Amino acid sequence: MSLTVAPPLYLVGMKVPCWRCKSRMPVVTLVAPQIAGSQGEVSILSSIEEMPAEVLSFVQKRVPTFQLRSSRMAGSKYYANTCPKCHVIYGDFYLHSEPGAPFFPESEEEAKALYITEIPLTTSVEIEASPGVGTGELILEHGKRI
């Protein structure tokens, strides 16, 4: 889905154990408080298929393992969190869709485990992604600003 995202746009992340090799790996997503047509709900973006070069550059300078990869489970290519040690994808479904998952916090404490960095944007951008709503405000209110 093509989304028109107005500033601010945030990079949100944390470190988790890789599901395969158990080494600690960074996982990130984008959080957008202002998407055209979203009735003011904060959206957590998943299954990101396309984003502007300046956004991708900002993200990959901090987390180079956030890469465009093919997912058999999703049946598509999207920017996926990839283990730097064993190179396996940590699928968006497991990061976004289950209560208590990194990007689906259920409490202030879980949200406080996330870091938040504003991506410098001066104008709206187009991002191909799926918007998720419900916990974005919790993340923005309690995540650690860096």
# chains A, B, ... in the order shown; residues from 1 in each chain; ligands from 1
call {"tool": "residues_around", "arguments": {"residues": "segment 43-59 of chain A", "least_positions_apart": "5", "cutoff": "10 Å", "atoms": "only C-alpha atoms", "output": "PyMOL selection string"}}
result
chain A and resi 1-3+5+9-12+28-35+38+64-69+74+76-80+91-93+95-97+103-104+117-121+125-137+139
call {"tool": "select_by_dssp", "arguments": {"residues": "segment 68-134 of chain A", "states": "alpha helix (DSSP H)", "output": "list in words"}}
result
Asp92, Phe93, Tyr94, Leu95, His96, Glu108, Glu109, Glu110, Ala111 and Lys112 of chain A
call {"tool": "write_last_selection", "arguments": {"atoms": "C-alpha atoms", "output": "mmCIF file, in the first residue's frame"}}
result
data_model
loop_
_atom_site.group_PDB
_atom_site.id
_atom_site.type_symbol
_atom_site.label_atom_id
_atom_site.label_comp_id
_atom_site.auth_asym_id
_atom_site.auth_seq_id
_atom_site.Cartn_x
_atom_site.Cartn_y
_atom_site.Cartn_z
ATOM 1 C CA ASP A 92 7.966 -8.834 10.311
ATOM 2 C CA PHE A 93 5.084 -11.062 11.377
ATOM 3 C CA TYR A 94 7.009 -12.128 14.502
ATOM 4 C CA LEU A 95 8.115 -8.551 15.249
ATOM 5 C CA HIS A 96 4.762 -6.808 14.702
ATOM 6 C CA GLU A 108 4.993 0.956 29.362
ATOM 7 C CA GLU A 109 7.857 -1.324 30.413
ATOM 8 C CA GLU A 110 7.907 -3.100 27.049
ATOM 9 C CA ALA A 111 7.747 0.228 25.204
ATOM 10 C CA LYS A 112 10.642 1.587 27.320
#
call {"tool": "closest_residue", "arguments": {"among": "A:Gly37, A:Gly75, A:Pro7, A:Pro84", "to": "Met25 of chain A", "atoms": "only C-alpha atoms"}}
result
A:Pro84
call {"tool": "select_by_dssp", "arguments": {"residues": "segment 14-146 of chain A", "states": "strand (DSSP E)", "output": "ChimeraX atom specification"}}
result
/A:14-17,24-32,34-35,43-50,66-71,76-82,89-90,115-119,125-133,144-145
call {"tool": "write_last_selection", "arguments": {"atoms": "C-alpha atoms", "output": "mmCIF file, in the first residue's frame"}}
result
data_model
loop_
_atom_site.group_PDB
_atom_site.id
_atom_site.type_symbol
_atom_site.label_atom_id
_atom_site.label_comp_id
_atom_site.auth_asym_id
_atom_site.auth_seq_id
_atom_site.Cartn_x
_atom_site.Cartn_y
_atom_site.Cartn_z
ATOM 1 C CA MET A 14 15.970 -2.674 19.962
ATOM 2 C CA LYS A 15 18.232 -5.734 20.132
ATOM 3 C CA VAL A 16 16.778 -9.234 20.310
ATOM 4 C CA PRO A 17 18.207 -12.766 20.189
ATOM 5 C CA ARG A 24 21.981 -10.487 19.651
ATOM 6 C CA MET A 25 20.780 -8.624 16.592
ATOM 7 C CA PRO A 26 19.229 -5.223 15.953
ATOM 8 C CA VAL A 27 15.631 -5.020 14.764
ATOM 9 C CA VAL A 28 14.044 -1.790 13.549
ATOM 10 C CA THR A 29 10.856 -0.413 12.086
ATOM 11 C CA LEU A 30 9.438 2.964 11.097
ATOM 12 C CA VAL A 31 6.783 4.767 13.119
ATOM 13 C CA ALA A 32 4.719 7.458 11.392
ATOM 14 C CA GLN A 34 1.033 11.420 10.325
ATOM 15 C CA ILE A 35 -0.120 9.360 7.357
ATOM 16 C CA SER A 43 1.145 3.920 12.457
ATOM 17 C CA ILE A 44 3.861 1.304 12.851
ATOM 18 C CA LEU A 45 5.052 0.309 9.385
ATOM 19 C CA SER A 46 5.704 -3.298 8.416
ATOM 20 C CA SER A 47 6.301 -5.125 5.138
ATOM 21 C CA ILE A 48 8.113 -2.056 3.817
ATOM 22 C CA GLU A 49 8.654 -2.664 0.109
ATOM 23 C CA GLU A 50 9.839 0.790 -0.993
ATOM 24 C CA PHE A 66 17.915 -3.881 7.435
ATOM 25 C CA GLN A 67 17.881 -5.179 3.866
ATOM 26 C CA LEU A 68 15.535 -5.801 0.964
ATOM 27 C CA ARG A 69 15.062 -9.558 1.119
ATOM 28 C CA SER A 70 12.682 -12.187 -0.227
ATOM 29 C CA SER A 71 10.477 -13.859 2.331
ATOM 30 C CA SER A 76 7.190 -11.088 -1.329
ATOM 31 C CA LYS A 77 10.277 -8.900 -0.985
ATOM 32 C CA TYR A 78 10.404 -6.347 1.801
ATOM 33 C CA TYR A 79 12.956 -4.575 3.975
ATOM 34 C CA ALA A 80 13.638 -7.184 6.612
ATOM 35 C CA ASN A 81 15.683 -7.294 9.782
ATOM 36 C CA THR A 82 18.524 -9.717 9.059
ATOM 37 C CA ILE A 89 15.483 -12.931 8.260
ATOM 38 C CA TYR A 90 13.645 -12.115 11.471
ATOM 39 C CA TYR A 115 14.822 3.397 21.225
ATOM 40 C CA ILE A 116 13.461 6.175 19.020
ATOM 41 C CA THR A 117 15.384 8.407 16.603
ATOM 42 C CA GLU A 118 13.745 11.024 14.404
ATOM 43 C CA ILE A 119 14.565 10.679 10.709
ATOM 44 C CA VAL A 125 7.442 11.050 1.483
ATOM 45 C CA GLU A 126 5.861 8.030 -0.190
ATOM 46 C CA ILE A 127 6.483 4.643 1.438
ATOM 47 C CA GLU A 128 5.136 1.276 0.253
ATOM 48 C CA ALA A 129 4.233 -0.523 3.481
ATOM 49 C CA SER A 130 1.481 -1.874 5.688
ATOM 50 C CA PRO A 131 0.399 0.470 8.484
ATOM 51 C CA GLY A 132 -0.404 -1.024 11.871
ATOM 52 C CA VAL A 133 -2.204 0.962 14.555
ATOM 53 C CA LYS A 144 14.008 6.097 24.754
ATOM 54 C CA ARG A 145 14.820 9.105 22.558
#
call {"tool": "atom_distance", "arguments": {"atom1": "atom CA of Val42 of chain A", "atom2": "atom CA of Lys61 of chain A"}}
result
24.7 Å
call {"tool": "closest_residue", "arguments": {"among": "A:Pro8, A:Ser124, A:Met73, A:Cys86", "to": "Arg20 of chain A", "atoms": "only C-alpha atoms"}}
result
A:Cys86
call {"tool": "atom_distance", "arguments": {"atom1": "atom CA of Lys22 of chain A", "atom2": "atom CA of Glu141 of chain A"}}
result
29.7 Å
call {"tool": "atom_distance", "arguments": {"atom1": "atom CA of Ala6 of chain A", "atom2": "atom CA of Thr123 of chain A"}}
result
6.5 Å
call {"tool": "decode", "arguments": {"residues": "segment 29-70 of chain A", "atoms": "N, CA and C atoms", "output": "mmCIF file, in the first residue's frame"}}
result
data_model
loop_
_atom_site.group_PDB
_atom_site.id
_atom_site.type_symbol
_atom_site.label_atom_id
_atom_site.label_comp_id
_atom_site.auth_asym_id
_atom_site.auth_seq_id
_atom_site.Cartn_x
_atom_site.Cartn_y
_atom_site.Cartn_z
ATOM 1 N N THR A 29 12.031 -0.693 12.894
ATOM 2 C CA THR A 29 10.856 -0.413 12.086
ATOM 3 C C THR A 29 10.710 1.099 11.992
ATOM 4 N N LEU A 30 9.744 1.547 11.213
ATOM 5 C CA LEU A 30 9.438 2.964 11.097
ATOM 6 C C LEU A 30 8.098 3.226 11.759
ATOM 7 N N VAL A 31 8.030 4.351 12.481
ATOM 8 C CA VAL A 31 6.783 4.767 13.119
ATOM 9 C C VAL A 31 6.421 6.136 12.571
ATOM 10 N N ALA A 32 5.190 6.242 12.061
ATOM 11 C CA ALA A 32 4.719 7.458 11.392
ATOM 12 C C ALA A 32 3.473 7.999 12.093
ATOM 13 N N PRO A 33 3.601 9.130 12.787
ATOM 14 C CA PRO A 33 2.427 9.716 13.435
ATOM 15 C C PRO A 33 1.429 10.338 12.460
ATOM 16 N N GLN A 34 1.910 10.699 11.244
ATOM 17 C CA GLN A 34 1.033 11.420 10.325
ATOM 18 C C GLN A 34 1.047 10.789 8.935
ATOM 19 N N ILE A 35 0.062 9.953 8.675
ATOM 20 C CA ILE A 35 -0.120 9.360 7.357
ATOM 21 C C ILE A 35 -1.433 9.880 6.794
ATOM 22 N N ALA A 36 -1.394 10.325 5.550
ATOM 23 C CA ALA A 36 -2.606 10.842 4.910
ATOM 24 C C ALA A 36 -3.720 9.806 4.990
ATOM 25 N N GLY A 37 -4.894 10.234 5.482
ATOM 26 C CA GLY A 37 -6.052 9.363 5.563
ATOM 27 C C GLY A 37 -6.106 8.448 6.763
ATOM 28 N N SER A 38 -5.185 8.605 7.738
ATOM 29 C CA SER A 38 -5.144 7.678 8.875
ATOM 30 C C SER A 38 -5.919 8.169 10.099
ATOM 31 N N GLN A 39 -6.682 9.230 9.980
ATOM 32 C CA GLN A 39 -7.470 9.783 11.094
ATOM 33 C C GLN A 39 -6.622 10.069 12.333
ATOM 34 N N GLY A 40 -5.365 10.458 12.119
ATOM 35 C CA GLY A 40 -4.510 10.874 13.218
ATOM 36 C C GLY A 40 -3.946 9.753 14.071
ATOM 37 N N GLU A 41 -4.121 8.499 13.664
ATOM 38 C CA GLU A 41 -3.557 7.385 14.439
ATOM 39 C C GLU A 41 -2.076 7.211 14.106
ATOM 40 N N VAL A 42 -1.269 6.957 15.112
ATOM 41 C CA VAL A 42 0.145 6.662 14.907
ATOM 42 C C VAL A 42 0.262 5.280 14.277
ATOM 43 N N SER A 43 1.018 5.193 13.177
ATOM 44 C CA SER A 43 1.145 3.920 12.457
ATOM 45 C C SER A 43 2.550 3.345 12.606
ATOM 46 N N ILE A 44 2.608 2.039 12.823
ATOM 47 C CA ILE A 44 3.861 1.304 12.851
ATOM 48 C C ILE A 44 3.931 0.574 11.513
ATOM 49 N N LEU A 45 4.975 0.837 10.734
ATOM 50 C CA LEU A 45 5.052 0.309 9.385
ATOM 51 C C LEU A 45 5.728 -1.059 9.355
ATOM 52 N N SER A 46 5.121 -1.976 8.627
ATOM 53 C CA SER A 46 5.704 -3.298 8.416
ATOM 54 C C SER A 46 5.612 -3.623 6.936
ATOM 55 N N SER A 47 6.274 -4.710 6.548
ATOM 56 C CA SER A 47 6.301 -5.125 5.138
ATOM 57 C C SER A 47 6.635 -3.951 4.229
ATOM 58 N N ILE A 48 7.704 -3.234 4.582
ATOM 59 C CA ILE A 48 8.113 -2.056 3.817
ATOM 60 C C ILE A 48 8.774 -2.528 2.524
ATOM 61 N N GLU A 49 8.138 -2.229 1.402
ATOM 62 C CA GLU A 49 8.654 -2.664 0.109
ATOM 63 C C GLU A 49 9.474 -1.584 -0.582
ATOM 64 N N GLU A 50 9.100 -0.330 -0.397
ATOM 65 C CA GLU A 50 9.839 0.790 -0.993
ATOM 66 C C GLU A 50 9.821 1.967 -0.045
ATOM 67 N N MET A 51 10.934 2.721 -0.089
ATOM 68 C CA MET A 51 11.024 3.965 0.676
ATOM 69 C C MET A 51 12.005 4.871 -0.046
ATOM 70 N N PRO A 52 11.923 6.178 0.199
ATOM 71 C CA PRO A 52 12.852 7.099 -0.460
ATOM 72 C C PRO A 52 14.299 6.802 -0.067
ATOM 73 N N ALA A 53 15.212 7.104 -0.991
ATOM 74 C CA ALA A 53 16.640 6.830 -0.770
ATOM 75 C C ALA A 53 17.160 7.494 0.495
ATOM 76 N N GLU A 54 16.706 8.712 0.797
ATOM 77 C CA GLU A 54 17.224 9.395 1.991
ATOM 78 C C GLU A 54 16.776 8.707 3.276
ATOM 79 N N VAL A 55 15.587 8.124 3.286
ATOM 80 C CA VAL A 55 15.118 7.385 4.458
ATOM 81 C C VAL A 55 15.903 6.083 4.587
ATOM 82 N N LEU A 56 16.043 5.353 3.481
ATOM 83 C CA LEU A 56 16.800 4.104 3.501
ATOM 84 C C LEU A 56 18.240 4.335 3.941
ATOM 85 N N SER A 57 18.863 5.386 3.433
ATOM 86 C CA SER A 57 20.248 5.702 3.810
ATOM 87 C C SER A 57 20.357 5.972 5.311
ATOM 88 N N PHE A 58 19.427 6.746 5.860
ATOM 89 C CA PHE A 58 19.432 7.043 7.295
ATOM 90 C C PHE A 58 19.340 5.748 8.100
ATOM 91 N N VAL A 59 18.422 4.861 7.711
ATOM 92 C CA VAL A 59 18.215 3.607 8.444
ATOM 93 C C VAL A 59 19.446 2.709 8.322
ATOM 94 N N GLN A 60 19.943 2.524 7.089
ATOM 95 C CA GLN A 60 21.042 1.583 6.892
ATOM 96 C C GLN A 60 22.382 2.092 7.434
ATOM 97 N N LYS A 61 22.552 3.385 7.637
ATOM 98 C CA LYS A 61 23.764 3.881 8.303
ATOM 99 C C LYS A 61 23.779 3.427 9.756
ATOM 100 N N ARG A 62 22.601 3.277 10.345
ATOM 101 C CA ARG A 62 22.496 2.850 11.738
ATOM 102 C C ARG A 62 22.349 1.330 11.862
ATOM 103 N N VAL A 63 21.632 0.728 10.920
ATOM 104 C CA VAL A 63 21.383 -0.717 10.959
ATOM 105 C C VAL A 63 21.553 -1.273 9.537
ATOM 106 N N PRO A 64 22.809 -1.562 9.140
ATOM 107 C CA PRO A 64 23.050 -2.029 7.773
ATOM 108 C C PRO A 64 22.393 -3.369 7.455
ATOM 109 N N THR A 65 21.971 -4.102 8.476
ATOM 110 C CA THR A 65 21.343 -5.405 8.252
ATOM 111 C C THR A 65 19.836 -5.298 7.984
ATOM 112 N N PHE A 66 19.306 -4.085 7.864
ATOM 113 C CA PHE A 66 17.915 -3.881 7.435
ATOM 114 C C PHE A 66 17.953 -3.849 5.913
ATOM 115 N N GLN A 67 17.614 -4.982 5.297
ATOM 116 C CA GLN A 67 17.881 -5.179 3.866
ATOM 117 C C GLN A 67 16.640 -5.654 3.120
ATOM 118 N N LEU A 68 16.595 -5.309 1.825
ATOM 119 C CA LEU A 68 15.535 -5.801 0.964
ATOM 120 C C LEU A 68 15.780 -7.284 0.706
ATOM 121 N N ARG A 69 14.886 -8.110 1.207
ATOM 122 C CA ARG A 69 15.062 -9.558 1.119
ATOM 123 C C ARG A 69 13.760 -10.213 0.687
ATOM 124 N N SER A 70 13.867 -11.388 0.121
ATOM 125 C CA SER A 70 12.682 -12.187 -0.227
ATOM 126 C C SER A 70 12.287 -13.021 0.978
#
